[in-house]
>>> print(open('protein04.txt').read())   # compact mmCIF, C-alpha atoms and all ligand atoms
# COMPACT_ATOMS: atom_id res chain seq x y z
CA MET U 1 0.00 0.00 0.00
CA LEU U 2 2.78 2.37 1.03
CA SER U 3 6.50 1.69 0.93
CA ILE U 4 9.58 3.63 1.81
CA TYR U 5 12.89 2.81 0.18
CA ASP U 6 16.20 3.85 1.74
CA LEU U 7 14.46 6.85 3.23
CA GLN U 8 16.89 9.20 4.95
CA VAL U 9 16.34 12.59 6.56
CA THR U 10 19.14 14.94 7.50
CA TYR U 11 17.90 18.25 8.87
CA PRO U 12 19.80 21.52 8.38
CA GLY U 13 22.65 21.47 10.87
CA ARG U 14 23.49 17.99 9.58
CA LEU U 15 21.47 16.10 12.19
CA THR U 16 20.42 12.76 10.67
CA ALA U 17 16.97 12.12 12.16
CA LEU U 18 16.34 9.04 10.03
CA ASN U 19 19.01 6.68 8.73
CA PRO U 20 18.35 4.91 5.42
CA THR U 21 15.16 2.95 6.16
CA SER U 22 13.01 0.65 4.02
CA LEU U 23 9.55 -0.49 5.16
CA THR U 24 6.24 -1.54 3.62
CA PHE U 25 2.87 -0.81 5.24
CA ASP U 26 0.17 -3.20 4.03
CA GLN U 27 -3.40 -2.18 3.31
CA GLY U 28 -5.44 -2.18 6.52
CA GLU U 29 -2.44 -2.78 8.77
CA PHE U 30 -2.42 -0.94 12.14
CA SER U 31 1.23 -0.16 12.88
CA VAL U 32 2.55 1.51 16.01
CA LEU U 33 5.86 3.37 16.13
CA LEU U 34 7.61 3.20 19.50
CA GLY U 35 10.81 4.91 20.51
CA PRO U 36 12.30 7.39 22.95
CA SER U 37 12.04 11.12 22.42
CA GLY U 38 14.07 12.15 19.39
CA ALA U 39 14.17 8.64 17.90
CA GLY U 40 12.66 9.89 14.64
CA LYS U 41 8.99 8.81 14.92
CA SER U 42 7.53 12.19 13.92
CA THR U 43 10.08 12.57 11.16
CA LEU U 44 9.08 9.21 9.69
CA LEU U 45 5.35 10.06 9.95
CA ARG U 46 5.89 13.45 8.34
CA CYS U 47 7.80 11.81 5.48
CA LEU U 48 4.86 9.46 4.88
CA ASN U 49 2.57 12.33 3.93
CA GLY U 50 5.27 14.44 2.29
CA LEU U 51 5.42 17.14 4.98
CA VAL U 52 9.15 16.41 5.27
CA ARG U 53 10.99 15.85 2.03
CA PRO U 54 13.60 13.13 2.50
CA THR U 55 17.25 13.85 1.87
CA ASN U 56 17.46 10.50 0.08
CA GLY U 57 15.12 7.68 -0.77
CA GLN U 58 11.50 7.44 -1.85
CA VAL U 59 7.97 7.20 -0.46
CA VAL U 60 5.91 5.14 -2.91
CA SER U 61 2.16 4.57 -2.67
CA THR U 62 0.37 1.91 -4.68
CA ALA U 63 -2.15 4.48 -5.87
CA HIS U 64 0.17 7.35 -6.76
CA GLY U 65 3.73 6.03 -7.13
CA ASP U 66 6.57 8.22 -5.87
CA ILE U 67 4.70 10.88 -3.87
CA HIS U 68 7.32 13.51 -4.77
CA SER U 69 7.10 12.90 -8.51
CA GLY U 70 5.01 16.05 -8.97
CA SER U 71 2.83 18.55 -7.14
CA VAL U 72 -0.43 16.94 -8.35
CA THR U 73 0.74 13.51 -7.13
CA LEU U 74 1.71 14.93 -3.75
CA ARG U 75 -1.66 16.72 -3.46
CA ARG U 76 -3.54 13.51 -4.30
CA HIS U 77 -1.52 11.50 -1.80
CA ARG U 78 -2.20 14.08 0.91
CA ALA U 79 -5.91 14.15 0.08
CA ALA U 80 -5.96 10.38 0.69
CA THR U 81 -4.02 10.71 3.97
CA GLY U 82 -5.73 11.72 7.22
CA MET U 83 -3.67 13.19 10.03
CA VAL U 84 -4.40 12.99 13.77
CA PHE U 85 -2.23 15.08 16.07
CA GLN U 86 -1.51 15.07 19.80
CA HIS U 87 -2.90 18.60 20.22
CA HIS U 88 -5.78 18.00 17.81
CA HIS U 89 -5.05 21.07 15.63
CA LEU U 90 -8.74 21.97 15.86
CA ILE U 91 -10.14 25.51 15.65
CA GLY U 92 -11.49 26.07 19.16
CA ARG U 93 -14.08 28.73 18.36
CA LEU U 94 -15.67 26.63 15.60
CA THR U 95 -18.18 23.84 16.11
CA ALA U 96 -17.25 20.18 15.97
CA LEU U 97 -19.09 19.95 12.63
CA ALA U 98 -17.18 22.89 11.13
CA ASN U 99 -13.90 21.31 12.23
CA VAL U 100 -14.81 17.94 10.72
CA LEU U 101 -15.79 19.65 7.47
CA VAL U 102 -12.17 20.79 7.19
CA GLY U 103 -11.45 17.14 6.37
CA ARG U 104 -13.54 17.55 3.20
CA LEU U 105 -11.59 20.53 1.84
CA GLY U 106 -8.98 18.38 0.09
CA HIS U 107 -11.76 16.98 -2.10
CA HIS U 108 -12.43 20.40 -3.66
CA SER U 109 -10.45 22.97 -5.58
CA ALA U 110 -9.07 25.90 -3.60
CA LEU U 111 -11.66 28.16 -5.25
CA ARG U 112 -14.60 25.82 -4.57
CA SER U 113 -13.62 25.42 -0.93
CA LEU U 114 -14.13 29.19 -0.40
CA LEU U 115 -17.87 28.59 -0.88
CA PRO U 116 -20.12 26.64 1.50
CA LEU U 117 -19.48 22.93 0.98
CA PRO U 118 -22.19 20.79 -0.64
CA LEU U 119 -24.77 19.00 1.48
CA ALA U 120 -23.09 15.68 0.65
CA ASP U 121 -20.00 16.85 2.54
CA ARG U 122 -22.08 17.84 5.55
CA ARG U 123 -23.66 14.40 5.53
CA ILE U 124 -20.24 12.71 5.44
CA ALA U 125 -19.04 14.96 8.30
CA LEU U 126 -22.13 14.19 10.40
CA GLU U 127 -21.69 10.46 9.77
CA ALA U 128 -18.06 10.74 10.91
CA LEU U 129 -19.19 12.49 14.10
CA GLU U 130 -21.77 9.76 14.67
CA ARG U 131 -19.08 7.09 14.34
CA VAL U 132 -17.02 8.71 17.09
CA GLY U 133 -20.14 9.08 19.28
CA LEU U 134 -20.37 12.86 19.06
CA LEU U 135 -23.32 13.50 16.77
CA ASP U 136 -25.16 15.21 19.62
CA ARG U 137 -22.21 17.62 20.03
CA ALA U 138 -21.99 18.54 16.33
CA LEU U 139 -22.96 22.16 16.98
CA THR U 140 -20.87 22.58 20.15
CA ARG U 141 -17.73 24.72 19.98
CA VAL U 142 -14.76 22.37 20.30
CA ASP U 143 -13.19 24.50 23.04
CA GLN U 144 -16.17 23.45 25.17
CA LEU U 145 -15.38 19.73 24.73
CA SER U 146 -13.12 17.57 26.91
CA GLY U 147 -9.67 16.51 25.71
CA GLY U 148 -10.92 13.04 24.80
CA GLN U 149 -13.92 14.46 22.94
CA GLN U 150 -11.65 16.87 21.07
CA GLN U 151 -9.44 14.00 19.98
CA ARG U 152 -12.54 12.14 18.78
CA VAL U 153 -13.41 15.23 16.70
CA GLY U 154 -9.83 15.06 15.35
CA ILE U 155 -10.43 11.42 14.39
CA ALA U 156 -13.79 12.31 12.81
CA ARG U 157 -12.07 15.00 10.74
CA ALA U 158 -9.54 12.45 9.47
CA VAL U 159 -12.31 9.89 8.78
CA ALA U 160 -14.44 12.45 6.92
CA GLN U 161 -11.53 12.79 4.53
CA GLN U 162 -12.30 9.18 3.49
CA PRO U 163 -8.58 8.40 3.55
CA ARG U 164 -6.72 5.26 2.58
CA LEU U 165 -4.05 6.08 5.15
CA ILE U 166 -4.22 7.65 8.62
CA LEU U 167 -1.07 8.95 10.31
CA ALA U 168 -1.40 9.71 14.01
CA ASP U 169 1.41 11.44 15.89
CA GLU U 170 1.08 10.66 19.61
CA PRO U 171 -2.72 10.94 19.39
CA VAL U 172 -3.34 9.99 23.02
CA ALA U 173 -0.32 11.54 24.74
CA SER U 174 -2.41 14.25 26.41
CA LEU U 175 -5.15 11.91 27.67
CA ASP U 176 -5.58 9.93 30.90
CA PRO U 177 -4.96 6.16 30.54
CA ALA U 178 -8.62 5.10 30.35
CA THR U 179 -9.53 7.80 27.82
CA ALA U 180 -6.37 7.06 25.84
CA ALA U 181 -7.36 3.39 25.54
CA ARG U 182 -10.91 4.28 24.48
CA VAL U 183 -9.73 6.76 21.84
CA LEU U 184 -7.18 4.31 20.45
CA ASP U 185 -9.78 1.55 20.39
CA LEU U 186 -12.10 3.83 18.42
CA LEU U 187 -9.35 4.73 15.95
CA ARG U 188 -8.45 1.08 15.42
CA THR U 189 -12.09 -0.02 15.08
CA ILE U 190 -12.78 2.59 12.38
CA CYS U 191 -9.54 1.81 10.51
CA LYS U 192 -10.32 -1.92 10.55
CA ALA U 193 -13.94 -1.37 9.42
CA ASP U 194 -12.88 0.84 6.51
CA GLY U 195 -9.66 -0.99 5.58
CA ILE U 196 -7.60 2.12 6.34
CA THR U 197 -3.86 1.66 6.83
CA ALA U 198 -2.75 3.35 10.07
CA VAL U 199 0.66 4.36 11.34
CA VAL U 200 0.48 5.66 14.91
CA SER U 201 3.29 6.86 17.14
CA LEU U 202 2.90 6.15 20.85
CA HIS U 203 4.88 6.43 24.06
CA GLN U 204 2.86 3.77 25.92
CA VAL U 205 4.20 0.25 25.40
CA ASP U 206 1.04 -1.33 26.84
CA LEU U 207 -1.16 0.47 24.34
CA ALA U 208 1.12 -0.69 21.53
CA ARG U 209 0.79 -4.25 22.83
CA GLY U 210 -2.99 -3.91 23.08
CA PHE U 211 -3.82 -2.31 19.77
CA ALA U 212 -1.05 -2.80 17.20
CA ASP U 213 -0.91 -5.44 14.48
CA ARG U 214 2.72 -4.53 14.09
CA VAL U 215 5.19 -2.60 16.23
CA ILE U 216 8.12 -0.74 14.74
CA GLY U 217 10.74 0.33 17.28
CA LEU U 218 13.01 3.25 16.50
CA GLN U 219 16.20 4.22 18.28
CA ALA U 220 18.40 7.13 17.14
CA GLY U 221 16.84 7.23 13.68
CA ALA U 222 17.09 3.50 12.97
CA VAL U 223 14.55 0.67 13.05
CA VAL U 224 15.72 -1.68 15.82
CA PHE U 225 12.52 -3.75 16.11
CA ASP U 226 9.85 -4.73 13.59
CA GLY U 227 7.42 -7.44 14.60
CA THR U 228 4.15 -8.37 16.25
CA PRO U 229 3.33 -7.19 19.78
CA ASP U 230 3.87 -10.78 20.96
CA GLN U 231 7.49 -10.54 19.85
CA LEU U 232 8.04 -7.35 21.85
CA CYS U 233 10.02 -8.83 24.73
CA GLU U 234 12.21 -7.18 27.38
CA ALA U 235 15.27 -7.48 25.13
CA SER U 236 13.40 -5.70 22.30
CA LEU U 237 12.38 -2.91 24.67
CA GLU U 238 15.99 -2.57 25.73
CA ARG U 239 17.01 -2.20 22.09
CA ILE U 240 14.36 0.48 21.59
CA TYR U 241 14.71 2.43 24.84
CA GLY U 242 18.36 1.79 25.67
CA SER U 243 17.73 0.37 29.13
CA ARG U 244 14.82 -1.24 30.92
CA THR U 245 14.44 1.69 33.28
CA ASP U 246 13.99 4.10 30.33
CA ALA U 247 11.00 2.18 28.95
CA PRO U 248 7.71 3.96 29.61
CA ARG U 249 5.82 2.45 32.53
CA ALA U 250 2.97 0.10 31.80
CA VAL U 251 -0.51 1.60 31.84
CA GLU U 252 -2.23 -0.17 34.73
CA ASP U 253 -5.85 0.00 33.70
CA GLU U 254 -8.25 -2.85 33.26
CA ARG U 255 -9.94 -0.93 30.46
CA VAL U 256 -6.84 -1.26 28.29
CA ARG U 257 -8.05 -3.78 25.78
CA PRO U 258 -6.60 -7.28 26.16
CA ARG U 259 -4.30 -8.45 23.42
CA ARG U 260 -6.02 -9.96 20.44
CA GLU U 261 -4.48 -12.40 18.03
CA PRO U 262 -2.35 -10.38 15.60
CA SER U 263 -3.84 -10.33 12.13
CA TYR U 264 -0.59 -9.67 10.31
CA ALA U 265 2.58 -11.68 10.09
CA ALA U 266 5.80 -10.33 11.54
CA GLN U 267 7.81 -8.22 9.18
CA PRO U 268 11.51 -8.87 8.78
CA ALA U 269 13.66 -6.66 11.00
N1 LIG W 1 12.59 20.64 11.74
C1 LIG W 1 13.66 20.13 12.34
N2 LIG W 1 14.87 20.71 12.19
C2 LIG W 1 15.99 20.20 12.78
N3 LIG W 1 15.97 19.10 13.56
C3 LIG W 1 14.80 18.48 13.75
C4 LIG W 1 13.58 18.96 13.16
N4 LIG W 1 12.56 18.13 13.52
C5 LIG W 1 13.11 17.18 14.31
N5 LIG W 1 14.44 17.40 14.45
C6 LIG W 1 15.38 16.54 15.21
O1 LIG W 1 15.31 15.25 14.64
C7 LIG W 1 15.39 14.25 15.66
C8 LIG W 1 14.17 13.35 15.57
O2 LIG W 1 13.04 14.13 15.94
P1 LIG W 1 11.56 13.55 15.90
O3 LIG W 1 10.64 14.67 16.26
O4 LIG W 1 11.35 12.89 14.60
O5 LIG W 1 11.60 12.46 17.06
P2 LIG W 1 10.42 11.74 17.85
O6 LIG W 1 10.81 10.32 17.99
O7 LIG W 1 9.12 12.03 17.18
O8 LIG W 1 10.47 12.46 19.26
P3 LIG W 1 9.25 12.78 20.29
O9 LIG W 1 8.79 11.46 20.82
O10 LIG W 1 9.91 13.63 21.35
O11 LIG W 1 8.20 13.53 19.52
C9 LIG W 1 15.49 15.00 16.99
O12 LIG W 1 16.87 15.07 17.34
C10 LIG W 1 14.96 16.38 16.67
O13 LIG W 1 15.56 17.36 17.49
>>> encode(input="protein04.txt", output="structure tokens", more="lines below")
Ligand SMILES: Nc1ncnc2c1ncn2[C@@H]1O[C@H](COP(=O)(O)OP(=O)(O)OP(=O)(O)O)[C@@H](O)[C@H]1O
Amino acid sequence: MLSIYDLQVTYPGRLTALNPTSLTFDQGEFSVLLGPSGAGKSTLLRCLNGLVRPTNGQVVSTAHGDIHSGSVTLRRHRAATGMVFQHHHLIGRLTALANVLVGRLGHHSALRSLLPLPLADRRIALEALERVGLLDRALTRVDQLSGGQQQRVGIARAVAQQPRLILADEPVASLDPATAARVLDLLRTICKADGITAVVSLHQVDLARGFADRVIGLQAGAVVFDGTPDQLCEASLERIYGSRTDAPRAVEDERVRPRREPSYAAQPA
């Protein structure tokens, strides 16, 4: 569905945030990126939607080929890619519905999106809000919603985009453990129902174990683990986090979903 080949990112100042890396993300796969701060998780995610242009290597989607082969290709790839951020990136003074409608803008020309969007877009946005359980809050300003509700609006906005790919950068980092598990469960459920490929960066190992089909561990800009959650043992965590004591503490909450059988085979490291 989406592959990266020898992808490398060196930022100005010559800091290499991502060493040459090759990975393939299969259609419908729910992958979690783990790694300590500065390991390169955000850089990898931002490369996947073309927000960061790699120093070397390629990002190739089945639908569009090399995403940097032209501005139209990049625009199409981005239109098919939903983003979910830690701090939501919502407009607080606007309603939940207005924020979700932002997800529809990529389906229209810049000129057309200056006009009110068609009713069909409003229907899609309302359906997305219904799927995240917030239809009754459609006309509430998002700055009057809780953090968990705001993140569900962020997910609805990505879903309303009708994407093939969702990239989520620490989507539950600002939430309490129980809310974090519920929001992640919702994201996974929607991705699985719609066959959306998801790449999600997390700091909580337990959530990765509970929700991922595949875990990719990064350390200092290199992939040091690539496998199923079952394969994520103490030694793997040590490779990712450097030492056992550096690994984020387990989330002790019975509402964290129990591990299910992984639906995807381990990828080669
Ligand atoms: N725009 C930038 N310019 C220069 N250096 C950058 C830039 N963005 C990130 N970096 C550096 O690249 C490295 C990887 O950063 P990145 O944000 O990808 O890590 P991360 O794993 O997402 O970290 P965190 O978990 O703290 O968000 C870090 O050393 C960071 O300081």
>>> residues_around(input="protein04.txt", residues="U:Gln86", least_positions_apart="4", cutoff="7 Å", atoms="all atoms listed in the file", output="VMD selection string")
chain U and resid 169 to 174
>>> residues_around(input="protein04.txt", residues="U:Val102", least_positions_apart="5", cutoff="9 Å", atoms="only C-alpha atoms", output="list in words")
Leu97, Arg157, Ala160 and Gln161 of chain U
>>> write_last_selection(input="protein04.txt", atoms="C-alpha atoms", output="CSV table (one decimal), keeping the file's coordinate frame")
chain,number,residue,atom,x,y,z
U,97,LEU,CA,-19.1,20.0,12.6
U,157,ARG,CA,-12.1,15.0,10.7
U,160,ALA,CA,-14.4,12.4,6.9
U,161,GLN,CA,-11.5,12.8,4.5
>>> atom_distance(input="protein04.txt", atom1="atom CA of U:Leu139", atom2="atom CA of U:Asn99")
10.3 Å
>>> residues_near_ligand(input="protein04.txt", ligand="ligand LIG 1 (chain W)", cutoff="9 Å", atoms="only C-alpha atoms and all ligand atoms", output="PyMOL selection string")
chain U and resi 9-18+33-46+52+169-170+201-203+218-221
>>> atom_distance(input="protein04.txt", atom1="atom CA of U:Gly57", atom2="atom CA of U:Asp6")
4.7 Å
>>> closest_residue(input="protein04.txt", among="U:Pro20, U:Cys233, U:Leu94, U:Thr197", to="U:Arg141", atoms="all atoms listed in the file")
U:Leu94
>>> residues_around(input="protein04.txt", residues="stretch 67-83 of chain U", least_positions_apart="5", cutoff="9 Å", atoms="only C-alpha atoms", output="list in words")
Leu48, Asn49, Gly50, Arg53, Gln58, Val59, Val60, Ser61, Gly103, Arg104, Leu105, Gly106, His107, Gly154, Ile155, Arg157, Ala158, Val159, Ala160, Gln161, Gln162, Pro163, Arg164, Leu165, Ile166, Leu167, Ala168 and Asp169 of chain U
>>> residues_around(input="protein04.txt", residues="U:Pro118", least_positions_apart="4", cutoff="12 Å", atoms="only C-alpha atoms", output="PDB file with C-alpha atoms, in the frame of the given file")
ATOM      1  CA  LEU U 101     -15.790  19.650   7.470  1.00  0.00           C
ATOM      2  CA  ARG U 104     -13.540  17.550   3.200  1.00  0.00           C
ATOM      3  CA  LEU U 105     -11.590  20.530   1.840  1.00  0.00           C
ATOM      4  CA  HIS U 107     -11.760  16.980  -2.100  1.00  0.00           C
ATOM      5  CA  HIS U 108     -12.430  20.400  -3.660  1.00  0.00           C
ATOM      6  CA  ARG U 112     -14.600  25.820  -4.570  1.00  0.00           C
ATOM      7  CA  SER U 113     -13.620  25.420  -0.930  1.00  0.00           C
ATOM      8  CA  LEU U 114     -14.130  29.190  -0.400  1.00  0.00           C
ATOM      9  CA  ARG U 122     -22.080  17.840   5.550  1.00  0.00           C
ATOM     10  CA  ARG U 123     -23.660  14.400   5.530  1.00  0.00           C
ATOM     11  CA  ILE U 124     -20.240  12.710   5.440  1.00  0.00           C
ATOM     12  CA  ALA U 125     -19.040  14.960   8.300  1.00  0.00           C
TER      13      ALA U 125
END
>>> residues_around(input="protein04.txt", residues="U:Ala96", least_positions_apart="4", cutoff="10 Å", atoms="all atoms listed in the file", output="list in words")
Leu90, Ile91, Gly92, Val100, Leu101, Ala125, Leu126, Leu129, Leu134, Leu135, Arg137, Ala138, Leu139, Thr140, Arg141, Val142, Asp143, Gln144, Leu145, Gln149, Gln150, Arg152, Val153, Gly154, Ala156 and Arg157 of chain U
>>> atom_distance(input="protein04.txt", atom1="atom CA of U:Met1", atom2="atom CA of U:Asp206")
26.9 Å
>>> closest_residue(input="protein04.txt", among="U:His89, U:Asn56, U:Gly28, U:Ala110", to="U:Ala193", atoms="only C-alpha atoms")
U:Gly28
>>> closest_residue(input="protein04.txt", among="U:Glu238, U:Ser22, U:Gln27, U:Ser243", to="U:Asp194", atoms="only C-alpha atoms")
U:Gln27
>>> closest_residue(input="protein04.txt", among="U:Ser236, U:Thr62, U:Thr21, U:Gln151", to="U:Thr179", atoms="only C-alpha atoms")
U:Gln151
>>> closest_residue(input="protein04.txt", among="U:Phe85, U:Tyr5, U:Phe30, U:Tyr241", to="U:Val199", atoms="only C-alpha atoms")
U:Phe30
>>> closest_residue(input="protein04.txt", among="U:Ala222, U:Leu175, U:Val132, U:Ala120", to="U:Arg188", atoms="all atoms listed in the file")
U:Val132
>>> decode(input="protein04.txt", residues="stretch 23-56 of chain U", atoms="N, CA and C atoms", output="tab-separated table (two decimals), in the first residue's frame")
chain	number	residue	atom	x	y	z
U	23	LEU	N	10.68	0.17	4.50
U	23	LEU	CA	9.55	-0.49	5.16
U	23	LEU	C	8.38	-0.54	4.19
U	24	THR	N	7.49	-1.51	4.37
U	24	THR	CA	6.24	-1.54	3.62
U	24	THR	C	5.08	-1.64	4.60
U	25	PHE	N	4.08	-0.78	4.41
U	25	PHE	CA	2.87	-0.81	5.24
U	25	PHE	C	1.75	-1.38	4.39
U	26	ASP	N	1.22	-2.54	4.81
U	26	ASP	CA	0.17	-3.20	4.03
U	26	ASP	C	-1.19	-2.55	4.24
U	27	GLN	N	-2.04	-2.71	3.22
U	27	GLN	CA	-3.40	-2.18	3.31
U	27	GLN	C	-4.11	-2.70	4.56
U	28	GLY	N	-4.66	-1.80	5.35
U	28	GLY	CA	-5.44	-2.18	6.52
U	28	GLY	C	-4.63	-2.52	7.76
U	29	GLU	N	-3.31	-2.43	7.64
U	29	GLU	CA	-2.44	-2.78	8.77
U	29	GLU	C	-2.41	-1.62	9.79
U	30	PHE	N	-2.47	-1.94	11.08
U	30	PHE	CA	-2.42	-0.94	12.14
U	30	PHE	C	-1.05	-1.03	12.80
U	31	SER	N	-0.16	-0.12	12.40
U	31	SER	CA	1.23	-0.16	12.88
U	31	SER	C	1.44	0.90	13.94
U	32	VAL	N	2.21	0.55	14.96
U	32	VAL	CA	2.55	1.51	16.01
U	32	VAL	C	4.06	1.74	16.00
U	33	LEU	N	4.45	3.01	16.01
U	33	LEU	CA	5.86	3.37	16.13
U	33	LEU	C	6.16	3.64	17.60
U	34	LEU	N	7.15	2.96	18.14
U	34	LEU	CA	7.61	3.20	19.50
U	34	LEU	C	9.04	3.71	19.44
U	35	GLY	N	9.42	4.46	20.45
U	35	GLY	CA	10.81	4.91	20.51
U	35	GLY	C	10.94	6.06	21.47
U	36	PRO	N	12.12	6.28	22.02
U	36	PRO	CA	12.30	7.39	22.95
U	36	PRO	C	12.20	8.73	22.23
U	37	SER	N	12.10	9.78	22.99
U	37	SER	CA	12.04	11.12	22.42
U	37	SER	C	13.25	11.35	21.52
U	38	GLY	N	12.99	11.86	20.33
U	38	GLY	CA	14.07	12.15	19.39
U	38	GLY	C	14.49	10.98	18.54
U	39	ALA	N	13.78	9.85	18.66
U	39	ALA	CA	14.17	8.64	17.90
U	39	ALA	C	13.87	8.77	16.40
U	40	GLY	N	12.97	9.69	16.06
U	40	GLY	CA	12.66	9.89	14.64
U	40	GLY	C	11.24	9.49	14.24
U	41	LYS	N	10.37	9.26	15.22
U	41	LYS	CA	8.99	8.81	14.92
U	41	LYS	C	8.22	9.88	14.13
U	42	SER	N	8.26	11.13	14.62
U	42	SER	CA	7.53	12.19	13.92
U	42	SER	C	8.12	12.43	12.54
U	43	THR	N	9.42	12.36	12.45
U	43	THR	CA	10.08	12.57	11.16
U	43	THR	C	9.61	11.53	10.15
U	44	LEU	N	9.54	10.27	10.59
U	44	LEU	CA	9.08	9.21	9.69
U	44	LEU	C	7.62	9.46	9.28
U	45	LEU	N	6.77	9.81	10.27
U	45	LEU	CA	5.35	10.06	9.95
U	45	LEU	C	5.22	11.22	8.97
U	46	ARG	N	6.00	12.26	9.20
U	46	ARG	CA	5.89	13.45	8.34
U	46	ARG	C	6.41	13.16	6.94
U	47	CYS	N	7.35	12.23	6.83
U	47	CYS	CA	7.80	11.81	5.48
U	47	CYS	C	6.67	11.08	4.75
U	48	LEU	N	5.86	10.32	5.52
U	48	LEU	CA	4.86	9.46	4.88
U	48	LEU	C	3.76	10.28	4.21
U	49	ASN	N	3.55	11.52	4.65
U	49	ASN	CA	2.57	12.33	3.93
U	49	ASN	C	3.22	13.49	3.18
U	50	GLY	N	4.56	13.45	3.10
U	50	GLY	CA	5.27	14.44	2.29
U	50	GLY	C	5.47	15.78	2.96
U	51	LEU	N	5.18	15.87	4.28
U	51	LEU	CA	5.42	17.14	4.98
U	51	LEU	C	6.92	17.40	5.13
U	52	VAL	N	7.68	16.31	5.27
U	52	VAL	CA	9.15	16.41	5.27
U	52	VAL	C	9.63	15.73	4.00
U	53	ARG	N	10.44	16.45	3.25
U	53	ARG	CA	10.99	15.85	2.03
U	53	ARG	C	12.29	15.14	2.39
U	54	PRO	N	12.39	13.85	2.07
U	54	PRO	CA	13.60	13.13	2.50
U	54	PRO	C	14.85	13.62	1.78
U	55	THR	N	15.97	13.49	2.47
U	55	THR	CA	17.25	13.85	1.87
U	55	THR	C	17.59	12.83	0.77
U	56	ASN	N	17.28	11.58	1.06
U	56	ASN	CA	17.46	10.50	0.08
U	56	ASN	C	16.30	9.53	0.21
